[in-house]
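This is my_file13.txt. It holds compact mmCIF, N, CA, C and O atoms.
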# COMPACT_ATOMS: atom_id res chain seq x y z
N MET I 1 -23.49 30.07 -32.56
CA MET I 1 -23.93 29.08 -31.59
C MET I 1 -23.43 29.42 -30.18
O MET I 1 -24.17 29.35 -29.24
N THR I 2 -22.17 29.81 -30.09
CA THR I 2 -21.60 30.16 -28.79
C THR I 2 -22.30 31.36 -28.18
O THR I 2 -22.55 31.39 -26.99
N ALA I 3 -22.63 32.33 -29.02
CA ALA I 3 -23.34 33.52 -28.53
C ALA I 3 -24.71 33.15 -27.99
O ALA I 3 -25.15 33.70 -26.98
N ASP I 4 -25.38 32.22 -28.66
CA ASP I 4 -26.69 31.76 -28.21
C ASP I 4 -26.58 31.08 -26.84
O ASP I 4 -27.41 31.31 -25.96
N ILE I 5 -25.58 30.25 -26.68
CA ILE I 5 -25.38 29.54 -25.41
C ILE I 5 -25.07 30.54 -24.30
O ILE I 5 -25.58 30.42 -23.19
N GLU I 6 -24.28 31.54 -24.61
CA GLU I 6 -23.96 32.56 -23.60
C GLU I 6 -25.22 33.35 -23.20
O GLU I 6 -25.40 33.68 -22.03
N GLN I 7 -26.08 33.65 -24.16
CA GLN I 7 -27.35 34.32 -23.86
C GLN I 7 -28.23 33.45 -22.96
O GLN I 7 -28.84 33.94 -22.01
N ILE I 8 -28.29 32.17 -23.28
CA ILE I 8 -29.07 31.24 -22.47
C ILE I 8 -28.52 31.19 -21.05
O ILE I 8 -29.27 31.23 -20.08
N LYS I 9 -27.20 31.14 -20.93
CA LYS I 9 -26.57 31.10 -19.60
C LYS I 9 -26.90 32.37 -18.81
O LYS I 9 -27.18 32.30 -17.62
N LYS I 10 -26.87 33.51 -19.46
CA LYS I 10 -27.19 34.77 -18.78
C LYS I 10 -28.63 34.77 -18.27
O LYS I 10 -28.90 35.20 -17.16
N LYS I 11 -29.55 34.25 -19.09
CA LYS I 11 -30.96 34.17 -18.67
C LYS I 11 -31.12 33.22 -17.49
O LYS I 11 -31.87 33.50 -16.56
N ILE I 12 -30.41 32.10 -17.53
CA ILE I 12 -30.48 31.13 -16.44
C ILE I 12 -29.93 31.74 -15.16
O ILE I 12 -30.53 31.60 -14.09
N ILE I 13 -28.82 32.41 -15.25
CA ILE I 13 -28.21 33.04 -14.06
C ILE I 13 -29.17 34.08 -13.49
O ILE I 13 -29.38 34.14 -12.27
N TYR I 14 -29.76 34.89 -14.35
CA TYR I 14 -30.70 35.90 -13.87
C TYR I 14 -31.89 35.23 -13.17
O TYR I 14 -32.26 35.61 -12.07
N ARG I 15 -32.45 34.22 -13.82
CA ARG I 15 -33.64 33.53 -13.26
C ARG I 15 -33.32 32.85 -11.94
O ARG I 15 -34.15 32.80 -11.04
N SER I 16 -32.12 32.34 -11.79
CA SER I 16 -31.77 31.65 -10.55
C SER I 16 -31.50 32.62 -9.41
O SER I 16 -31.63 32.25 -8.25
N ASN I 17 -31.16 33.85 -9.72
CA ASN I 17 -30.85 34.84 -8.68
C ASN I 17 -32.03 35.72 -8.29
O ASN I 17 -31.97 36.44 -7.30
N TYR I 18 -33.10 35.70 -9.08
CA TYR I 18 -34.27 36.52 -8.80
C TYR I 18 -35.51 35.65 -8.80
O TYR I 18 -36.29 35.64 -9.75
N ARG I 19 -35.69 34.89 -7.72
CA ARG I 19 -36.73 33.88 -7.62
C ARG I 19 -38.01 34.42 -6.98
O ARG I 19 -39.09 34.06 -7.36
N GLY I 20 -37.86 35.18 -5.94
CA GLY I 20 -39.02 35.63 -5.19
C GLY I 20 -38.80 35.53 -3.70
O GLY I 20 -39.34 36.31 -2.93
N THR I 21 -38.00 34.54 -3.30
CA THR I 21 -37.63 34.45 -1.89
C THR I 21 -36.12 34.56 -1.78
O THR I 21 -35.38 34.01 -2.61
N LYS I 22 -35.66 35.26 -0.78
CA LYS I 22 -34.23 35.49 -0.61
C LYS I 22 -33.46 34.19 -0.44
O LYS I 22 -32.36 34.03 -0.95
N GLU I 23 -34.06 33.24 0.29
CA GLU I 23 -33.39 31.96 0.53
C GLU I 23 -33.12 31.24 -0.79
O GLU I 23 -32.02 30.73 -1.01
N MET I 24 -34.12 31.19 -1.64
CA MET I 24 -33.96 30.49 -2.91
C MET I 24 -33.09 31.28 -3.89
O MET I 24 -32.37 30.69 -4.69
N ASP I 25 -33.12 32.61 -3.80
CA ASP I 25 -32.21 33.43 -4.61
C ASP I 25 -30.77 33.03 -4.31
O ASP I 25 -29.97 32.80 -5.22
N LYS I 26 -30.44 32.93 -3.04
CA LYS I 26 -29.07 32.60 -2.65
C LYS I 26 -28.71 31.16 -2.97
O LYS I 26 -27.63 30.89 -3.50
N LEU I 27 -29.60 30.24 -2.66
CA LEU I 27 -29.33 28.83 -2.89
C LEU I 27 -29.19 28.53 -4.38
O LEU I 27 -28.19 27.95 -4.82
N LEU I 28 -30.18 28.91 -5.17
CA LEU I 28 -30.13 28.62 -6.60
C LEU I 28 -29.07 29.45 -7.33
O LEU I 28 -28.47 28.98 -8.30
N GLY I 29 -28.83 30.67 -6.85
CA GLY I 29 -27.76 31.48 -7.44
C GLY I 29 -26.40 30.83 -7.26
O GLY I 29 -25.61 30.73 -8.20
N ALA I 30 -26.13 30.36 -6.05
CA ALA I 30 -24.85 29.69 -5.78
C ALA I 30 -24.75 28.39 -6.57
O ALA I 30 -23.69 28.07 -7.14
N PHE I 31 -25.83 27.62 -6.62
CA PHE I 31 -25.85 26.37 -7.37
C PHE I 31 -25.57 26.62 -8.85
O PHE I 31 -24.71 25.97 -9.46
N THR I 32 -26.26 27.57 -9.43
CA THR I 32 -26.09 27.87 -10.85
C THR I 32 -24.69 28.37 -11.15
O THR I 32 -24.05 27.93 -12.11
N ASN I 33 -24.18 29.28 -10.32
CA ASN I 33 -22.84 29.81 -10.55
C ASN I 33 -21.77 28.72 -10.48
O ASN I 33 -20.78 28.77 -11.21
N LYS I 34 -21.98 27.73 -9.63
CA LYS I 34 -21.00 26.65 -9.50
C LYS I 34 -20.98 25.74 -10.72
O LYS I 34 -19.92 25.32 -11.17
N TYR I 35 -22.15 25.42 -11.28
CA TYR I 35 -22.23 24.39 -12.31
C TYR I 35 -22.47 24.87 -13.74
O TYR I 35 -22.29 24.09 -14.67
N ILE I 36 -22.84 26.10 -13.95
CA ILE I 36 -23.30 26.53 -15.28
C ILE I 36 -22.26 26.31 -16.38
O ILE I 36 -22.62 25.92 -17.48
N ASP I 37 -21.00 26.50 -16.09
CA ASP I 37 -19.98 26.35 -17.13
C ASP I 37 -19.62 24.89 -17.38
O ASP I 37 -18.89 24.59 -18.34
N GLN I 38 -20.11 23.98 -16.55
CA GLN I 38 -19.85 22.55 -16.73
C GLN I 38 -20.97 21.85 -17.49
O GLN I 38 -20.85 20.66 -17.79
N LEU I 39 -22.03 22.55 -17.81
CA LEU I 39 -23.21 21.94 -18.41
C LEU I 39 -23.19 22.06 -19.93
O LEU I 39 -22.79 23.10 -20.46
N ASP I 40 -23.66 21.01 -20.60
CA ASP I 40 -23.81 21.07 -22.05
C ASP I 40 -25.21 21.59 -22.39
O ASP I 40 -25.99 21.91 -21.49
N VAL I 41 -25.53 21.67 -23.65
CA VAL I 41 -26.80 22.25 -24.09
C VAL I 41 -27.99 21.47 -23.52
O VAL I 41 -28.97 22.07 -23.06
N LYS I 42 -27.91 20.15 -23.53
CA LYS I 42 -29.00 19.32 -23.00
C LYS I 42 -29.21 19.62 -21.52
O LYS I 42 -30.35 19.78 -21.05
N ASP I 43 -28.12 19.71 -20.77
CA ASP I 43 -28.21 20.00 -19.33
C ASP I 43 -28.74 21.41 -19.08
O ASP I 43 -29.49 21.64 -18.13
N LEU I 44 -28.36 22.36 -19.92
CA LEU I 44 -28.88 23.73 -19.77
C LEU I 44 -30.39 23.75 -19.97
O LEU I 44 -31.10 24.45 -19.25
N ASN I 45 -30.88 22.97 -20.92
CA ASN I 45 -32.33 22.89 -21.13
C ASN I 45 -33.02 22.25 -19.94
O ASN I 45 -34.11 22.67 -19.55
N GLU I 46 -32.39 21.25 -19.33
CA GLU I 46 -32.94 20.65 -18.11
C GLU I 46 -32.95 21.67 -16.98
O GLU I 46 -33.90 21.73 -16.20
N LEU I 47 -31.91 22.48 -16.90
CA LEU I 47 -31.84 23.50 -15.85
C LEU I 47 -32.93 24.55 -16.04
O LEU I 47 -33.52 25.01 -15.06
N ILE I 48 -33.23 24.91 -17.27
CA ILE I 48 -34.31 25.86 -17.54
C ILE I 48 -35.63 25.30 -17.02
O ILE I 48 -36.39 25.99 -16.34
N LYS I 49 -35.91 24.04 -17.32
CA LYS I 49 -37.14 23.40 -16.82
C LYS I 49 -37.14 23.33 -15.30
O LYS I 49 -38.16 23.55 -14.65
N PHE I 50 -35.98 23.03 -14.73
CA PHE I 50 -35.83 22.95 -13.28
C PHE I 50 -36.17 24.27 -12.62
O PHE I 50 -36.85 24.32 -11.59
N LEU I 51 -35.74 25.37 -13.22
CA LEU I 51 -35.98 26.69 -12.65
C LEU I 51 -37.43 27.15 -12.77
O LEU I 51 -37.82 28.11 -12.14
N GLU I 52 -38.22 26.43 -13.55
CA GLU I 52 -39.65 26.75 -13.66
C GLU I 52 -40.44 26.19 -12.49
O GLU I 52 -41.59 26.56 -12.28
N ILE I 53 -39.83 25.31 -11.71
CA ILE I 53 -40.50 24.73 -10.55
C ILE I 53 -40.57 25.78 -9.45
O ILE I 53 -39.63 26.55 -9.25
N ASP I 54 -41.67 25.79 -8.72
CA ASP I 54 -41.86 26.81 -7.69
C ASP I 54 -40.86 26.63 -6.53
O ASP I 54 -40.35 25.55 -6.28
N ASP I 55 -40.61 27.73 -5.84
CA ASP I 55 -39.62 27.76 -4.75
C ASP I 55 -39.93 26.77 -3.64
O ASP I 55 -39.02 26.15 -3.09
N ASN I 56 -41.18 26.64 -3.29
CA ASN I 56 -41.57 25.74 -2.21
C ASN I 56 -41.15 24.30 -2.48
O ASN I 56 -40.58 23.64 -1.63
N ASN I 57 -41.48 23.81 -3.68
CA ASN I 57 -41.11 22.45 -4.04
C ASN I 57 -39.60 22.27 -4.15
O ASN I 57 -39.06 21.25 -3.73
N LEU I 58 -38.90 23.26 -4.70
CA LEU I 58 -37.45 23.17 -4.80
C LEU I 58 -36.81 23.15 -3.41
O LEU I 58 -35.90 22.37 -3.16
N TYR I 59 -37.30 24.00 -2.52
CA TYR I 59 -36.77 24.04 -1.16
C TYR I 59 -37.00 22.70 -0.45
O TYR I 59 -36.10 22.16 0.18
N ASN I 60 -38.21 22.17 -0.57
CA ASN I 60 -38.52 20.89 0.05
C ASN I 60 -37.69 19.75 -0.54
O ASN I 60 -37.19 18.89 0.18
N PHE I 61 -37.52 19.74 -1.85
CA PHE I 61 -36.70 18.73 -2.52
C PHE I 61 -35.27 18.79 -2.01
O PHE I 61 -34.66 17.77 -1.69
N TYR I 62 -34.71 19.98 -1.95
CA TYR I 62 -33.33 20.17 -1.49
C TYR I 62 -33.15 19.65 -0.06
O TYR I 62 -32.12 19.06 0.26
N ASN I 63 -34.15 19.88 0.77
CA ASN I 63 -34.05 19.50 2.18
C ASN I 63 -34.60 18.11 2.48
O ASN I 63 -34.70 17.72 3.64
N GLY I 64 -34.98 17.37 1.45
CA GLY I 64 -35.46 16.00 1.65
C GLY I 64 -36.86 15.91 2.21
O GLY I 64 -37.23 14.89 2.79
N LEU I 65 -37.64 16.97 2.06
CA LEU I 65 -39.02 16.98 2.55
C LEU I 65 -39.97 16.56 1.43
O LEU I 65 -39.59 16.47 0.26
N LYS I 66 -41.21 16.34 1.78
CA LYS I 66 -42.22 15.93 0.81
C LYS I 66 -42.53 17.07 -0.15
O LYS I 66 -42.67 18.22 0.27
N THR I 67 -42.66 16.73 -1.43
CA THR I 67 -42.99 17.72 -2.45
C THR I 67 -44.31 17.35 -3.10
O THR I 67 -44.73 16.20 -3.05
N SER I 68 -44.95 18.33 -3.71
CA SER I 68 -46.23 18.07 -4.38
C SER I 68 -46.04 17.63 -5.83
O SER I 68 -47.01 17.36 -6.52
N ILE I 69 -44.81 17.58 -6.28
CA ILE I 69 -44.52 17.10 -7.63
C ILE I 69 -43.44 16.02 -7.54
O ILE I 69 -42.72 15.92 -6.55
N GLU I 70 -43.34 15.24 -8.60
CA GLU I 70 -42.33 14.19 -8.67
C GLU I 70 -41.11 14.72 -9.41
O GLU I 70 -41.24 15.28 -10.50
N PHE I 71 -39.95 14.56 -8.83
CA PHE I 71 -38.71 14.99 -9.46
C PHE I 71 -38.09 13.82 -10.19
O PHE I 71 -37.96 12.73 -9.63
N GLU I 72 -37.72 14.04 -11.46
CA GLU I 72 -37.07 13.01 -12.26
C GLU I 72 -35.67 12.73 -11.73
O GLU I 72 -35.07 13.56 -11.06
N ASP I 73 -35.15 11.57 -12.09
CA ASP I 73 -33.77 11.23 -11.76
C ASP I 73 -32.91 11.65 -12.94
O ASP I 73 -32.73 10.91 -13.90
N ASN I 74 -32.43 12.91 -12.90
CA ASN I 74 -31.58 13.40 -13.98
C ASN I 74 -30.39 14.16 -13.38
O ASN I 74 -30.29 14.34 -12.18
N LYS I 75 -29.49 14.58 -14.23
CA LYS I 75 -28.24 15.20 -13.80
C LYS I 75 -28.48 16.45 -12.96
O LYS I 75 -27.88 16.62 -11.89
N ILE I 76 -29.35 17.33 -13.42
CA ILE I 76 -29.59 18.60 -12.72
C ILE I 76 -30.18 18.34 -11.33
O ILE I 76 -29.71 18.90 -10.34
N ASN I 77 -31.19 17.50 -11.25
CA ASN I 77 -31.80 17.20 -9.96
C ASN I 77 -30.80 16.57 -9.00
O ASN I 77 -30.77 16.90 -7.81
N ASN I 78 -29.97 15.67 -9.51
CA ASN I 78 -28.97 15.03 -8.65
C ASN I 78 -27.90 16.02 -8.19
O ASN I 78 -27.49 16.00 -7.03
N LEU I 79 -27.47 16.89 -9.09
CA LEU I 79 -26.49 17.92 -8.70
C LEU I 79 -27.08 18.82 -7.61
O LEU I 79 -26.41 19.14 -6.63
N PHE I 80 -28.34 19.24 -7.80
CA PHE I 80 -28.97 20.13 -6.84
C PHE I 80 -29.17 19.44 -5.49
O PHE I 80 -28.90 20.02 -4.44
N LYS I 81 -29.62 18.21 -5.52
CA LYS I 81 -29.88 17.47 -4.29
C LYS I 81 -28.60 17.28 -3.47
O LYS I 81 -28.62 17.32 -2.25
N ASN I 82 -27.47 17.12 -4.16
CA ASN I 82 -26.18 16.90 -3.48
C ASN I 82 -25.36 18.16 -3.30
O ASN I 82 -24.25 18.09 -2.78
N PHE I 83 -25.89 19.29 -3.73
CA PHE I 83 -25.18 20.57 -3.61
C PHE I 83 -25.09 21.00 -2.16
O PHE I 83 -26.06 20.94 -1.42
N LYS I 84 -23.90 21.40 -1.75
CA LYS I 84 -23.68 21.88 -0.39
C LYS I 84 -23.51 23.39 -0.45
O LYS I 84 -22.56 23.91 -0.99
N TYR I 85 -24.49 24.09 0.13
CA TYR I 85 -24.46 25.55 0.12
C TYR I 85 -23.66 26.07 1.28
O TYR I 85 -23.71 25.64 2.35
If you convert what's in this file into structure tokens, what do you get?
Amino acid sequence: MTADIEQIKKKIIYRSNYRGTKEMDKLLGAFTNKYIDQLDVKDLNELIKFLEIDDNNLYNFYNGLKTSIEFEDNKINNLFKNFKY
């Protein structure tokens, strides 16, 4: 089980650091590195879904701008919204 979680964490870290835009690579990479070891399995699954959202919407959400999708009120979204880069 621990090996599986470590594999999932490695995939999440990779996905957060190689997004497509340098700005989001840095922002999401720093965010993930800060919180990944504090998350349980449920939160890791939420983070995986979170990382599937496109960079534009994530950037706008982080900066309090209008997004084309609705963000749920959950732990990952709240951590990201309040993250200070």
Item to check | Residues within 8 Å of I:Phe50, only C-alpha atoms, excluding chain neighbours under 3 positions, as a ChimeraX atom specification | outcome: /I:46-47,53,76-77
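When the distance limit is 10 Å and only C-alpha atoms are what count, the residues near I:Met24, minus those fewer than 3 positions from it on the same chain, are Ser16, Asn17, Tyr18, Arg19, Gly20, Thr21, Leu27, Leu28, Gly29, Ala30, Asp54, Asp55, Asn56, Leu58 and Tyr59 of chain I.
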For N, CA, C and O atoms, I'd like the residues from the last selection saved as a PDB file, in the coordinates of the input.
ATOM      1  N   SER I  16     -32.120  32.340 -11.790  1.00  0.00           N
ATOM      2  CA  SER I  16     -31.770  31.650 -10.550  1.00  0.00           C
ATOM      3  C   SER I  16     -31.500  32.620  -9.410  1.00  0.00           C
ATOM      4  O   SER I  16     -31.630  32.250  -8.250  1.00  0.00           O
ATOM      5  N   ASN I  17     -31.160  33.850  -9.720  1.00  0.00           N
ATOM      6  CA  ASN I  17     -30.850  34.840  -8.680  1.00  0.00           C
ATOM      7  C   ASN I  17     -32.030  35.720  -8.290  1.00  0.00           C
ATOM      8  O   ASN I  17     -31.970  36.440  -7.300  1.00  0.00           O
ATOM      9  N   TYR I  18     -33.100  35.700  -9.080  1.00  0.00           N
ATOM     10  CA  TYR I  18     -34.270  36.520  -8.800  1.00  0.00           C
ATOM     11  C   TYR I  18     -35.510  35.650  -8.800  1.00  0.00           C
ATOM     12  O   TYR I  18     -36.290  35.640  -9.750  1.00  0.00           O
ATOM     13  N   ARG I  19     -35.690  34.890  -7.720  1.00  0.00           N
ATOM     14  CA  ARG I  19     -36.730  33.880  -7.620  1.00  0.00           C
ATOM     15  C   ARG I  19     -38.010  34.420  -6.980  1.00  0.00           C
ATOM     16  O   ARG I  19     -39.090  34.060  -7.360  1.00  0.00           O
ATOM     17  N   GLY I  20     -37.860  35.180  -5.940  1.00  0.00           N
ATOM     18  CA  GLY I  20     -39.020  35.630  -5.190  1.00  0.00           C
ATOM     19  C   GLY I  20     -38.800  35.530  -3.700  1.00  0.00           C
ATOM     20  O   GLY I  20     -39.340  36.310  -2.930  1.00  0.00           O
ATOM     21  N   THR I  21     -38.000  34.540  -3.300  1.00  0.00           N
ATOM     22  CA  THR I  21     -37.630  34.450  -1.890  1.00  0.00           C
ATOM     23  C   THR I  21     -36.120  34.560  -1.780  1.00  0.00           C
ATOM     24  O   THR I  21     -35.380  34.010  -2.610  1.00  0.00           O
ATOM     25  N   LEU I  27     -29.600  30.240  -2.660  1.00  0.00           N
ATOM     26  CA  LEU I  27     -29.330  28.830  -2.890  1.00  0.00           C
ATOM     27  C   LEU I  27     -29.190  28.530  -4.380  1.00  0.00           C
ATOM     28  O   LEU I  27     -28.190  27.950  -4.820  1.00  0.00           O
ATOM     29  N   LEU I  28     -30.180  28.910  -5.170  1.00  0.00           N
ATOM     30  CA  LEU I  28     -30.130  28.620  -6.600  1.00  0.00           C
ATOM     31  C   LEU I  28     -29.070  29.450  -7.330  1.00  0.00           C
ATOM     32  O   LEU I  28     -28.470  28.980  -8.300  1.00  0.00           O
ATOM     33  N   GLY I  29     -28.830  30.670  -6.850  1.00  0.00           N
ATOM     34  CA  GLY I  29     -27.760  31.480  -7.440  1.00  0.00           C
ATOM     35  C   GLY I  29     -26.400  30.830  -7.260  1.00  0.00           C
ATOM     36  O   GLY I  29     -25.610  30.730  -8.200  1.00  0.00           O
ATOM     37  N   ALA I  30     -26.130  30.360  -6.050  1.00  0.00           N
ATOM     38  CA  ALA I  30     -24.850  29.690  -5.780  1.00  0.00           C
ATOM     39  C   ALA I  30     -24.750  28.390  -6.570  1.00  0.00           C
ATOM     40  O   ALA I  30     -23.690  28.070  -7.140  1.00  0.00           O
ATOM     41  N   ASP I  54     -41.670  25.790  -8.720  1.00  0.00           N
ATOM     42  CA  ASP I  54     -41.860  26.810  -7.690  1.00  0.00           C
ATOM     43  C   ASP I  54     -40.860  26.630  -6.530  1.00  0.00           C
ATOM     44  O   ASP I  54     -40.350  25.550  -6.280  1.00  0.00           O
ATOM     45  N   ASP I  55     -40.610  27.730  -5.840  1.00  0.00           N
ATOM     46  CA  ASP I  55     -39.620  27.760  -4.750  1.00  0.00           C
ATOM     47  C   ASP I  55     -39.930  26.770  -3.640  1.00  0.00           C
ATOM     48  O   ASP I  55     -39.020  26.150  -3.090  1.00  0.00           O
ATOM     49  N   ASN I  56     -41.180  26.640  -3.290  1.00  0.00           N
ATOM     50  CA  ASN I  56     -41.570  25.740  -2.210  1.00  0.00           C
ATOM     51  C   ASN I  56     -41.150  24.300  -2.480  1.00  0.00           C
ATOM     52  O   ASN I  56     -40.580  23.640  -1.630  1.00  0.00           O
ATOM     53  N   LEU I  58     -38.900  23.260  -4.700  1.00  0.00           N
ATOM     54  CA  LEU I  58     -37.450  23.170  -4.800  1.00  0.00           C
ATOM     55  C   LEU I  58     -36.810  23.150  -3.410  1.00  0.00           C
ATOM     56  O   LEU I  58     -35.900  22.370  -3.160  1.00  0.00           O
ATOM     57  N   TYR I  59     -37.300  24.000  -2.520  1.00  0.00           N
ATOM     58  CA  TYR I  59     -36.770  24.040  -1.160  1.00  0.00           C
ATOM     59  C   TYR I  59     -37.000  22.700  -0.450  1.00  0.00           C
ATOM     60  O   TYR I  59     -36.100  22.160   0.180  1.00  0.00           O
TER      61      TYR I  59
END
Checklist entry - Between atom CA of I:Tyr85 and atom CA of I:Ile5, what is the distance, to one decimal in Å? => result 25.9 Å
Item to check | Atom-to-atom span, atom C of I:Asp43 and atom O of I:Lys66, Å | outcome: 24.1 Å
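In this structure, atom N of I:Glu52 sits 15.2 Å away from atom N of I:Asp73.
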Next on the checklist: Going by DSSP on the backbone, which residues of chain I come out as helix (DSSP H, G or I)? List them as a PyMOL selection string.
Outcome noted: chain I and resi 2-17+22-38+41-51+55-62+75-82
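Using only C-alpha atoms, the smallest distance between any of I:Lys26, I:Tyr62, I:Asn45, I:Lys34 and I:Lys11 comes from I:Asn45.
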Item to check | Best match for closeness to I:Ile8 among I:Phe71, I:Leu79, I:Leu44, I:Asn63, counting all atoms listed in the file | outcome: I:Leu44
For N, CA, C and O atoms, please extract stretch 26-39 of chain I from the block and return it as a tab-separated table (two decimals), in the first residue's frame.
chain	number	residue	atom	x	y	z
I	26	LYS	N	5.72	26.29	-12.19
I	26	LYS	CA	6.31	26.78	-10.94
I	26	LYS	C	5.29	26.86	-9.82
I	26	LYS	O	5.55	26.44	-8.69
I	27	LEU	N	4.12	27.40	-10.12
I	27	LEU	CA	3.09	27.57	-9.10
I	27	LEU	C	2.60	26.22	-8.58
I	27	LEU	O	2.59	25.97	-7.37
I	28	LEU	N	2.18	25.34	-9.48
I	28	LEU	CA	1.67	24.05	-9.04
I	28	LEU	C	2.76	23.14	-8.48
I	28	LEU	O	2.51	22.35	-7.57
I	29	GLY	N	3.97	23.27	-9.01
I	29	GLY	CA	5.09	22.50	-8.46
I	29	GLY	C	5.37	22.87	-7.02
I	29	GLY	O	5.52	22.00	-6.15
I	30	ALA	N	5.41	24.16	-6.73
I	30	ALA	CA	5.64	24.63	-5.37
I	30	ALA	C	4.49	24.23	-4.45
I	30	ALA	O	4.69	23.79	-3.31
I	31	PHE	N	3.25	24.37	-4.94
I	31	PHE	CA	2.08	24.00	-4.17
I	31	PHE	C	2.11	22.51	-3.81
I	31	PHE	O	1.94	22.12	-2.65
I	32	THR	N	2.36	21.68	-4.80
I	32	THR	CA	2.39	20.23	-4.58
I	32	THR	C	3.50	19.83	-3.64
I	32	THR	O	3.29	19.04	-2.72
I	33	ASN	N	4.69	20.39	-3.84
I	33	ASN	CA	5.82	20.04	-2.97
I	33	ASN	C	5.55	20.42	-1.52
I	33	ASN	O	5.99	19.73	-0.59
I	34	LYS	N	4.83	21.51	-1.30
I	34	LYS	CA	4.54	21.95	0.07
I	34	LYS	C	3.56	21.02	0.77
I	34	LYS	O	3.71	20.72	1.95
I	35	TYR	N	2.53	20.55	0.06
I	35	TYR	CA	1.43	19.85	0.72
I	35	TYR	C	1.36	18.34	0.50
I	35	TYR	O	0.64	17.66	1.22
I	36	ILE	N	2.09	17.79	-0.43
I	36	ILE	CA	1.90	16.39	-0.82
I	36	ILE	C	2.06	15.41	0.34
I	36	ILE	O	1.30	14.44	0.43
I	37	ASP	N	2.98	15.65	1.23
I	37	ASP	CA	3.19	14.71	2.33
I	37	ASP	C	2.17	14.87	3.46
I	37	ASP	O	2.13	14.05	4.38
I	38	GLN	N	1.35	15.91	3.39
I	38	GLN	CA	0.32	16.14	4.41
I	38	GLN	C	-1.04	15.58	3.98
I	38	GLN	O	-1.99	15.63	4.76
I	39	LEU	N	-1.14	15.07	2.77
I	39	LEU	CA	-2.42	14.64	2.22
I	39	LEU	C	-2.64	13.14	2.42
I	39	LEU	O	-1.71	12.35	2.29
